[in-house]
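Shown below: upload-v4.cif, with mmCIF, C-alpha atoms.
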data_data
loop_
_atom_site.label_atom_id
_atom_site.label_comp_id
_atom_site.auth_asym_id
_atom_site.auth_seq_id
_atom_site.Cartn_x
_atom_site.Cartn_y
_atom_site.Cartn_z
CA MET A 71 25.11 -32.79 -28.88
CA ALA A 72 28.30 -34.80 -29.54
CA ALA A 73 29.16 -34.73 -25.85
CA ASN A 74 25.65 -35.88 -24.94
CA ARG A 75 25.85 -38.68 -27.50
CA ARG A 76 29.18 -39.85 -26.07
CA HIS A 77 27.66 -39.76 -22.60
CA VAL A 78 24.70 -41.87 -23.74
CA LEU A 79 26.93 -44.38 -25.54
CA ALA A 80 29.19 -44.66 -22.52
CA GLY A 81 26.16 -45.33 -20.36
CA MET A 82 24.92 -47.96 -22.78
CA GLY A 83 28.33 -49.63 -22.75
CA ALA A 84 28.38 -49.73 -18.97
CA THR A 85 24.88 -51.19 -18.89
CA LEU A 86 25.75 -53.86 -21.44
CA ALA A 87 28.96 -54.78 -19.62
CA ALA A 88 27.05 -55.07 -16.35
CA GLY A 89 24.51 -57.30 -18.06
CA ALA A 90 27.29 -59.53 -19.38
CA LEU A 91 28.78 -59.87 -15.89
CA MET A 92 25.36 -60.81 -14.57
CA GLY A 93 25.10 -63.40 -17.35
CA ARG A 94 28.42 -64.88 -16.30
CA ALA A 95 27.27 -64.98 -12.68
CA ARG A 96 24.02 -66.71 -13.68
CA ALA A 97 25.98 -69.28 -15.68
CA GLN A 98 28.00 -70.06 -12.55
CA GLU A 99 25.00 -70.58 -10.28
CA PRO A 100 25.20 -74.12 -8.83
CA GLY A 101 22.85 -76.50 -10.60
CA ARG A 102 21.75 -73.96 -13.20
CA LYS A 103 22.22 -74.83 -16.85
CA PHE A 104 23.15 -72.19 -19.41
CA GLY A 105 20.13 -71.16 -21.49
CA TYR A 106 20.27 -71.08 -25.30
CA ALA A 107 17.74 -69.44 -27.60
CA ILE A 108 17.85 -71.05 -31.03
CA VAL A 109 17.48 -68.43 -33.76
CA GLY A 110 16.21 -70.03 -36.96
CA LEU A 111 14.36 -73.35 -37.05
CA GLY A 112 15.68 -74.93 -40.23
CA SER A 113 16.72 -78.56 -40.57
CA TYR A 114 20.19 -78.16 -39.03
CA ALA A 115 18.74 -76.51 -35.94
CA THR A 116 15.86 -78.93 -35.51
CA ARG A 117 17.60 -82.18 -36.50
CA GLN A 118 21.14 -81.69 -35.20
CA ILE A 119 21.34 -78.95 -32.57
CA MET A 120 18.11 -78.95 -30.58
CA PRO A 121 18.08 -82.71 -29.87
CA ARG A 122 21.72 -82.50 -28.67
CA LEU A 123 20.89 -79.84 -26.10
CA LYS A 124 19.09 -82.58 -24.16
CA GLU A 125 22.47 -84.31 -23.76
CA CYS A 126 24.46 -81.27 -22.61
CA GLU A 127 26.07 -81.09 -19.19
CA HIS A 128 26.07 -77.30 -18.95
CA ALA A 129 23.45 -76.10 -21.45
CA ARG A 130 19.74 -76.35 -22.18
CA LEU A 131 17.21 -75.04 -24.67
CA VAL A 132 15.11 -72.22 -23.21
CA ALA A 133 13.76 -70.18 -26.15
CA LEU A 134 13.01 -70.25 -29.87
CA VAL A 135 13.13 -67.57 -32.57
CA SER A 136 11.53 -68.05 -35.98
CA GLY A 137 9.64 -66.18 -38.66
CA THR A 138 7.24 -69.12 -39.05
CA PRO A 139 4.51 -69.27 -36.38
CA ALA A 140 3.76 -72.92 -37.16
CA LYS A 141 7.36 -73.87 -36.37
CA LEU A 142 7.27 -71.97 -33.10
CA GLU A 143 4.09 -73.83 -32.18
CA GLN A 144 5.41 -77.24 -33.27
CA TYR A 145 8.84 -77.10 -31.66
CA GLY A 146 7.65 -75.10 -28.69
CA ALA A 147 5.28 -77.93 -27.85
CA GLU A 148 7.88 -80.63 -28.58
CA TYR A 149 10.52 -79.05 -26.34
CA ASP A 150 8.16 -77.64 -23.72
CA ILE A 151 9.08 -74.02 -24.47
CA PRO A 152 6.42 -71.67 -23.06
CA ALA A 153 4.75 -69.12 -25.30
CA THR A 154 6.55 -66.33 -23.43
CA HIS A 155 9.87 -67.78 -24.66
CA ARG A 156 8.92 -67.99 -28.33
CA TYR A 157 9.89 -65.00 -30.47
CA SER A 158 9.35 -63.83 -34.03
CA TYR A 159 12.06 -61.94 -35.89
CA ALA A 160 10.03 -58.76 -35.38
CA ASP A 161 10.13 -59.03 -31.58
CA TYR A 162 13.60 -60.60 -31.38
CA ASP A 163 14.96 -57.68 -29.37
CA ARG A 164 12.69 -58.67 -26.48
CA ILE A 165 15.17 -61.41 -25.60
CA ARG A 166 16.87 -58.62 -23.64
CA ASP A 167 14.14 -58.93 -21.00
CA ASN A 168 14.34 -62.72 -20.61
CA PRO A 169 16.82 -63.70 -17.87
CA ASP A 170 16.55 -67.38 -18.82
CA ILE A 171 18.36 -66.64 -22.10
CA ASP A 172 22.13 -66.51 -21.64
CA ALA A 173 23.03 -66.87 -25.32
CA VAL A 174 21.58 -67.17 -28.78
CA TYR A 175 22.65 -69.71 -31.37
CA VAL A 176 22.22 -68.04 -34.77
CA ILE A 177 21.37 -70.68 -37.39
CA LEU A 178 20.04 -68.49 -40.18
CA PRO A 179 20.97 -67.90 -43.83
CA ASN A 180 24.47 -66.43 -43.96
CA SER A 181 23.37 -62.92 -44.89
CA MET A 182 21.42 -62.70 -41.62
CA HIS A 183 24.26 -63.73 -39.30
CA ALA A 184 25.68 -60.26 -38.72
CA GLU A 185 22.36 -58.55 -37.97
CA TYR A 186 21.14 -61.15 -35.49
CA THR A 187 24.52 -61.47 -33.81
CA ILE A 188 24.82 -57.72 -33.33
CA ARG A 189 21.25 -57.40 -32.06
CA ALA A 190 21.86 -60.23 -29.58
CA ALA A 191 25.00 -58.52 -28.31
CA GLN A 192 23.08 -55.27 -27.92
CA ALA A 193 20.55 -57.23 -25.86
CA GLY A 194 23.38 -58.37 -23.58
CA LYS A 195 23.38 -61.99 -24.76
CA HIS A 196 26.37 -64.17 -25.64
CA VAL A 197 26.40 -65.52 -29.20
CA MET A 198 27.07 -68.80 -30.94
CA CYS A 199 26.89 -68.20 -34.69
CA GLU A 200 26.95 -70.82 -37.42
CA LYS A 201 29.68 -70.75 -40.00
CA PRO A 202 30.41 -69.07 -42.28
CA MET A 203 30.45 -66.29 -39.75
CA ALA A 204 29.19 -63.67 -42.22
CA VAL A 205 29.16 -62.83 -45.91
CA SER A 206 32.16 -60.48 -45.72
CA ALA A 207 35.15 -59.74 -43.55
CA ALA A 208 33.70 -56.30 -42.84
CA GLU A 209 30.56 -57.89 -41.39
CA ALA A 210 32.67 -60.28 -39.32
CA GLU A 211 34.66 -57.36 -37.91
CA ALA A 212 31.43 -55.56 -37.00
CA MET A 213 30.17 -58.67 -35.19
CA ILE A 214 33.36 -58.94 -33.16
CA ALA A 215 33.28 -55.23 -32.32
CA ALA A 216 29.63 -55.39 -31.20
CA CYS A 217 30.29 -58.34 -28.90
CA GLN A 218 33.41 -56.74 -27.47
CA GLN A 219 31.57 -53.48 -26.82
CA ALA A 220 28.75 -55.35 -25.09
CA GLY A 221 31.14 -57.49 -23.05
CA VAL A 222 29.70 -60.78 -24.36
CA LYS A 223 31.37 -63.83 -25.86
CA LEU A 224 31.20 -64.66 -29.57
CA MET A 225 31.78 -68.23 -30.70
CA ILE A 226 31.53 -69.65 -34.23
CA GLY A 227 30.02 -73.09 -34.78
CA TYR A 228 33.05 -74.96 -36.11
CA ARG A 229 31.96 -78.34 -34.77
CA SER A 230 34.98 -80.22 -36.19
CA HIS A 231 37.16 -78.49 -33.59
CA PHE A 232 35.26 -80.59 -31.01
CA GLU A 233 35.29 -83.92 -32.88
CA VAL A 234 37.80 -86.50 -31.63
CA HIS A 235 39.16 -87.66 -35.00
CA ASN A 236 39.79 -84.09 -36.11
CA LEU A 237 41.43 -83.26 -32.79
CA HIS A 238 43.62 -86.35 -33.17
CA ALA A 239 44.51 -85.33 -36.74
CA MET A 240 45.53 -81.87 -35.52
CA GLU A 241 47.72 -83.45 -32.85
CA LEU A 242 49.38 -85.88 -35.28
CA ALA A 243 49.95 -83.27 -37.99
CA ARG A 244 51.48 -80.77 -35.58
CA SER A 245 53.47 -83.23 -33.44
CA GLY A 246 56.05 -84.14 -36.06
CA VAL A 247 55.35 -87.90 -36.05
CA LEU A 248 54.83 -87.65 -39.83
CA GLY A 249 57.77 -85.30 -40.17
CA ALA A 250 57.25 -81.66 -41.04
CA THR A 251 53.98 -81.24 -42.93
CA ARG A 252 54.67 -80.76 -46.62
CA ILE A 253 51.38 -81.39 -48.44
CA ILE A 254 47.75 -81.09 -47.33
CA THR A 255 44.81 -82.01 -49.53
CA SER A 256 41.32 -81.10 -48.36
CA GLU A 257 38.22 -81.82 -50.44
CA HIS A 258 34.60 -81.11 -49.58
CA GLY A 259 31.53 -81.14 -51.77
CA PHE A 260 28.08 -82.58 -52.41
CA ASN A 261 25.48 -82.58 -55.15
CA ALA A 262 23.38 -79.54 -54.26
CA GLN A 263 19.64 -79.91 -54.62
CA PRO A 264 17.72 -77.06 -56.29
CA ASN A 265 15.50 -74.49 -54.58
CA GLN A 266 17.61 -73.98 -51.46
CA TRP A 267 18.50 -70.62 -49.92
CA ARG A 268 22.18 -71.54 -50.18
CA LEU A 269 21.85 -71.26 -53.98
CA ASP A 270 20.54 -67.69 -53.70
CA LYS A 271 23.50 -65.32 -53.40
CA PRO A 272 21.62 -62.51 -51.59
CA LEU A 273 20.97 -65.03 -48.79
CA SER A 274 24.11 -67.15 -48.93
CA GLY A 275 26.76 -64.61 -49.91
CA GLY A 276 28.31 -67.13 -52.29
CA GLY A 277 28.17 -70.70 -53.51
CA SER A 278 29.95 -73.88 -52.56
CA LEU A 279 32.94 -72.07 -51.07
CA MET A 280 30.82 -70.31 -48.45
CA ASP A 281 28.83 -73.44 -47.65
CA ILE A 282 30.99 -76.57 -47.92
CA GLY A 283 34.36 -75.28 -49.13
CA ILE A 284 34.85 -73.53 -45.81
CA TYR A 285 35.42 -77.01 -44.36
CA SER A 286 38.30 -77.52 -46.80
CA LEU A 287 39.76 -74.14 -45.87
CA ASN A 288 39.35 -74.46 -42.12
CA ALA A 289 40.75 -78.00 -42.10
CA ALA A 290 43.83 -76.92 -44.06
CA ARG A 291 44.44 -74.19 -41.50
CA TYR A 292 43.98 -76.33 -38.41
CA LEU A 293 46.03 -79.19 -39.83
CA ALA A 294 48.88 -76.85 -40.78
CA GLY A 295 48.76 -75.19 -37.38
CA GLU A 296 49.64 -71.82 -38.90
CA GLU A 297 48.10 -69.18 -41.12
CA PRO A 298 48.60 -69.18 -44.91
CA VAL A 299 50.53 -66.36 -46.54
CA GLU A 300 49.29 -66.73 -50.14
CA VAL A 301 46.33 -68.16 -52.02
CA SER A 302 45.63 -68.91 -55.66
CA ALA A 303 42.33 -70.19 -57.04
CA MET A 304 40.34 -71.14 -60.10
CA GLU A 305 36.59 -71.49 -60.48
CA PHE A 306 34.27 -73.21 -62.94
CA THR A 307 30.49 -72.97 -63.03
CA ASP A 308 28.10 -74.20 -65.71
CA ARG A 309 25.76 -71.24 -65.92
CA SER A 310 23.30 -73.26 -68.01
CA ASP A 311 22.54 -75.22 -64.83
CA PRO A 312 19.63 -73.34 -63.21
CA ARG A 313 21.01 -74.10 -59.74
CA PHE A 314 23.92 -71.78 -60.38
CA ALA A 315 22.24 -68.64 -61.65
CA THR A 316 23.82 -66.53 -58.89
CA VAL A 317 26.42 -68.71 -57.11
CA GLU A 318 29.52 -70.67 -58.05
CA ASP A 319 29.79 -74.44 -58.29
CA ARG A 320 33.45 -75.53 -58.21
CA ILE A 321 36.46 -73.75 -56.78
CA ASN A 322 39.91 -75.25 -56.40
CA PHE A 323 42.36 -73.23 -54.33
CA GLN A 324 45.92 -73.58 -53.12
CA LEU A 325 47.35 -72.19 -49.89
CA ARG A 326 51.02 -71.56 -49.14
CA PHE A 327 52.06 -71.63 -45.49
CA PRO A 328 55.13 -69.93 -44.01
CA GLY A 329 56.59 -73.22 -42.78
CA GLY A 330 56.73 -74.59 -46.32
CA ALA A 331 53.51 -76.61 -46.41
CA LEU A 332 51.26 -76.39 -49.46
CA ALA A 333 47.54 -77.13 -49.31
CA SER A 334 45.39 -78.07 -52.29
CA CYS A 335 41.68 -77.65 -51.57
CA VAL A 336 38.44 -78.47 -53.39
CA SER A 337 34.96 -77.01 -53.00
CA SER A 338 32.09 -78.34 -55.11
CA TYR A 339 28.32 -78.39 -55.46
CA THR A 340 28.38 -81.11 -58.14
CA SER A 341 30.65 -83.82 -56.71
CA ASN A 342 30.82 -85.67 -53.42
CA HIS A 343 33.90 -85.26 -51.23
CA ASN A 344 34.54 -85.31 -47.49
CA THR A 345 38.20 -86.03 -46.97
CA TYR A 346 41.62 -84.65 -46.16
CA ARG A 347 45.19 -85.94 -46.14
CA VAL A 348 48.39 -84.71 -44.53
CA HIS A 349 51.74 -85.82 -45.99
CA GLY A 350 55.17 -85.54 -44.43
CA PRO A 351 58.53 -87.23 -45.12
CA ASP A 352 57.84 -89.89 -42.49
CA GLY A 353 54.24 -90.78 -43.30
CA TRP A 354 50.73 -89.59 -43.96
CA LEU A 355 47.27 -89.49 -42.44
CA ARG A 356 43.95 -89.66 -44.21
CA ALA A 357 40.46 -88.96 -42.88
CA GLU A 358 37.33 -89.98 -44.81
CA PRO A 359 34.68 -89.00 -43.97
CA ALA A 360 36.58 -86.23 -42.27
CA THR A 361 34.02 -83.64 -41.17
CA SER A 362 30.69 -85.44 -41.39
CA TYR A 363 28.08 -85.59 -38.65
CA THR A 364 28.96 -89.23 -37.82
CA ASP A 365 31.02 -92.26 -38.89
CA HIS A 366 34.43 -90.58 -39.07
CA GLN A 367 37.32 -92.79 -40.15
CA MET A 368 41.08 -92.21 -40.19
CA TRP A 369 44.18 -94.04 -41.34
CA VAL A 370 47.85 -93.37 -40.61
CA HIS A 371 50.81 -94.63 -42.67
CA ARG A 372 54.22 -94.88 -40.96
CA ASP A 373 57.20 -97.22 -41.20
CA GLY A 374 55.76 -98.88 -44.29
CA LYS A 375 52.50 -99.81 -42.56
CA THR A 376 49.00 -98.38 -42.91
CA GLU A 377 46.74 -98.74 -39.90
CA GLN A 378 43.23 -97.56 -39.20
CA VAL A 379 42.98 -95.30 -36.18
CA ARG A 380 40.36 -96.48 -33.71
CA LEU A 381 39.52 -93.95 -31.03
CA PRO A 382 37.37 -94.49 -27.93
CA THR A 383 33.84 -93.15 -28.14
CA PRO A 384 33.92 -89.77 -26.38
CA ALA A 385 31.59 -88.89 -23.55
CA LYS A 386 30.32 -85.99 -25.69
CA ASN A 387 29.92 -86.01 -29.46
CA GLN A 388 31.03 -82.98 -31.46
CA PHE A 389 27.65 -81.21 -31.22
CA VAL A 390 27.32 -81.62 -27.46
CA ALA A 391 30.95 -80.66 -26.84
CA GLN A 392 30.52 -77.52 -28.96
CA LEU A 393 27.31 -76.50 -27.19
CA ASP A 394 28.86 -77.04 -23.76
CA HIS A 395 32.05 -75.18 -24.67
CA LEU A 396 30.52 -71.70 -24.72
CA PRO A 397 29.23 -71.84 -21.12
CA GLU A 398 32.52 -73.45 -20.09
CA ALA A 399 34.45 -70.53 -21.61
CA ILE A 400 32.14 -68.01 -19.95
CA MET A 401 32.51 -69.67 -16.54
CA ALA A 402 36.30 -69.82 -16.99
CA GLY A 403 36.51 -66.23 -18.23
CA THR A 404 38.39 -67.34 -21.36
CA GLU A 405 37.85 -66.92 -25.09
CA PRO A 406 36.06 -69.78 -26.85
CA ARG A 407 38.25 -72.15 -28.84
CA THR A 408 36.49 -71.05 -32.04
CA SER A 409 36.08 -67.36 -31.32
CA GLY A 410 35.00 -64.67 -33.72
CA THR A 411 38.64 -64.24 -34.70
CA GLU A 412 38.64 -67.77 -36.14
CA GLY A 413 35.64 -66.95 -38.29
CA LEU A 414 37.14 -63.64 -39.39
CA ARG A 415 40.32 -65.36 -40.57
CA ASP A 416 38.30 -67.67 -42.80
CA MET A 417 36.27 -64.77 -44.17
CA ARG A 418 39.40 -62.82 -45.12
CA ILE A 419 40.84 -65.85 -46.92
CA ILE A 420 37.52 -66.57 -48.65
CA GLU A 421 37.48 -63.03 -50.03
CA ALA A 422 41.04 -63.55 -51.29
CA ILE A 423 40.04 -66.86 -52.91
CA TYR A 424 37.23 -65.17 -54.82
CA GLN A 425 39.60 -62.35 -55.81
CA SER A 426 42.22 -64.81 -57.06
CA ALA A 427 39.65 -66.72 -59.13
CA ARG A 428 38.38 -63.46 -60.68
CA GLU A 429 41.78 -61.95 -61.41
CA GLY A 430 43.72 -65.10 -62.26
CA ARG A 431 46.64 -64.39 -59.94
CA ALA A 432 47.98 -65.34 -56.54
CA ILE A 433 46.83 -63.11 -53.69
CA PRO A 434 49.12 -62.43 -50.71
CA LEU A 435 47.50 -62.81 -47.30
CA THR A 436 48.16 -60.70 -44.25
CA ALA A 437 47.98 -61.94 -40.67
#
Please, can you express the file's structure as structure tokens?
Amino acid sequence: MAANRRHVLAGMGATLAAGALMGRARAQEPGRKFGYAIVGLGSYATRQIMPRLKECEHARLVALVSGTPAKLEQYGAEYDIPATHRYSYADYDRIRDNPDIDAVYVILPNSMHAEYTIRAAQAGKHVMCEKPMAVSAAEAEAMIAACQQAGVKLMIGYRSHFEVHNLHAMELARSGVLGATRIITSEHGFNAQPNQWRLDKPLSGGGSLMDIGIYSLNAARYLAGEEPVEVSAMEFTDRSDPRFATVEDRINFQLRFPGGALASCVSSYTSNHNTYRVHGPDGWLRAEPATSYTDHQMWVHRDGKTEQVRLPTPAKNQFVAQLDHLPEAIMAGTEPRTSGTEGLRDMRIIEAIYQSAREGRAIPLTA
């Protein structure tokens, strides 16, 4: 029986790999745009992602997945998606039989990311998954393994890695024009409204850290240009506030990097922040808003002068550039800039942040 099972699994692996190669070939067909199925029709999907697919050079919207029939009808009509390309969660696995779908973009509550990523990979489809990648490092590892076994790409939706001010900040911080980076501050938060799935731990996996604090963490990492080796954290939540029955409100955490930089980060559901700063011996940079959807601003201080950085408007905004990047990586045969490994690194650090806050001690981090 074991031998037969291995034979079946090997056959499945070969079939999935062949399907992935066919997907790459389809993506390279002249004049053909890469087809995304959007999984989950919440506000981020319908207000930010789906409209941007109309602007993409390499990608288009070809299918919808939702548990709400009225949404499938509404957005199917709006985006001219035929009934054959509209799926419920129950018949999600039928995407395997739709050659127009090259990839899914999973925009669901965090606790659903792993399941729908793995099922997409098993259907031979590439995956874009919103951040946070999962609700645990173990889930993130399973997602990576499933995509590797199926021979499909996995990309995490870290849009700031495609936004020009953030890219410029990375370049400045790593180039040495400010001197060696010594201090990073990164603060993200907003006043969370009640009755959202993100305030329900079984759906979200955690509170502000999983939702908005991940921006503070990811920014500290990409500004430092290296991985932290230690984290310490403290948390405060007013449990009399009905919003926070199951999730945390505020977490402050500090990261120590091997090159000597220290990062101080804030995550909050009761205060508004969207900023980071990088300080070196020769100057500093500040971004505010740093990771918003629009209206980014940045200042640099050097030689006793503070100047606002004014960058040309890019041909593609961060959403369009992110959506186009996955088909570009597939056509090039390279890993996406924000691969599953990037998401896994954040998940491992997030688990260490929660552990530090619980235990009141610094937690060493492994590579």
Report task. Check what the PyMOL selection byres ((chain A and resi 404-415) around 7) selects in the file above and give those residues as a PyMOL selection string. Result -> chain A and resi 202-203+207+210-211+214+224-226+228+396+399-400+402-403+416-419
Translate the PyMOL selection byres ((chain A and resi 361) around 8), as applied to the file shown, into an explicit residue set as a PDB file with C-alpha atoms, in the frame of the given file.
ATOM      1  CA  SER A 230      34.980 -80.220 -36.190  1.00  0.00           C
ATOM      2  CA  ASN A 236      39.790 -84.090 -36.110  1.00  0.00           C
ATOM      3  CA  TYR A 285      35.420 -77.010 -44.360  1.00  0.00           C
ATOM      4  CA  ASN A 344      34.540 -85.310 -47.490  1.00  0.00           C
ATOM      5  CA  THR A 345      38.200 -86.030 -46.970  1.00  0.00           C
ATOM      6  CA  PRO A 359      34.680 -89.000 -43.970  1.00  0.00           C
ATOM      7  CA  ALA A 360      36.580 -86.230 -42.270  1.00  0.00           C
ATOM      8  CA  SER A 362      30.690 -85.440 -41.390  1.00  0.00           C
ATOM      9  CA  TYR A 363      28.080 -85.590 -38.650  1.00  0.00           C
ATOM     10  CA  HIS A 366      34.430 -90.580 -39.070  1.00  0.00           C
TER      11      HIS A 366
END
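Minimum atom-to-atom distances from A:His343, A:Ala422, A:Ala294, A:Ala391 to A:Glu127 were compared using all atoms listed in the file, and the lowest value belongs to A:Ala391.
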Report task. Using only C-alpha atoms, find the one residue out of A:Thr255, A:Asn168, A:Ser206, A:Ser286 that sits nearest to A:Thr154. Result -> A:Asn168
Query - Residues near stretch 423-434 of chain A, cut-off 9 Å, all atoms listed in the file, skip fewer than 4 positions along chain, as a PyMOL selection string - result: chain A and resi 279+298-305+321-324+418-419
Query raised in the report: Is there a way to get, as a ChimeraX atom specification, all residues within 10 Å of the point (29.4, -74.6, -51.2) in file coordinates, counting all atoms listed in the file?
Result: /A:258-262,268-269,274,276-285,317-321,337-340
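In this model, the gap between atom CA of A:Pro169 and atom CA of A:Met182 comes to 24.2 Å.
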Query raised in the report: Mind telling me what the PyMOL selection byres ((chain A and resi 237-247) around 8) catches here, as a VMD selection string?
Result: chain A and resid 230 to 236 248 to 251 292 to 295 348 352 to 353 355
Could those residues be written to a file, using C-alpha atoms, as a compact mmCIF listing (two decimals), keeping the file's coordinate frame?
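Dumped everything to again-v3.txt:
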# COMPACT_ATOMS: atom_id res chain seq x y z
CA SER A 230 34.98 -80.22 -36.19
CA HIS A 231 37.16 -78.49 -33.59
CA PHE A 232 35.26 -80.59 -31.01
CA GLU A 233 35.29 -83.92 -32.88
CA VAL A 234 37.80 -86.50 -31.63
CA HIS A 235 39.16 -87.66 -35.00
CA ASN A 236 39.79 -84.09 -36.11
CA LEU A 248 54.83 -87.65 -39.83
CA GLY A 249 57.77 -85.30 -40.17
CA ALA A 250 57.25 -81.66 -41.04
CA THR A 251 53.98 -81.24 -42.93
CA TYR A 292 43.98 -76.33 -38.41
CA LEU A 293 46.03 -79.19 -39.83
CA ALA A 294 48.88 -76.85 -40.78
CA GLY A 295 48.76 -75.19 -37.38
CA VAL A 348 48.39 -84.71 -44.53
CA ASP A 352 57.84 -89.89 -42.49
CA GLY A 353 54.24 -90.78 -43.30
CA LEU A 355 47.27 -89.49 -42.44
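Using all atoms listed in the file, the nearest neighbour of A:Glu297 within the list A:Arg380, A:Leu178, A:Arg313, A:Thr436 is A:Thr436.
We find atom CA of A:Ser158 and atom CA of A:Arg189 to be spaced 13.7 Å apart.
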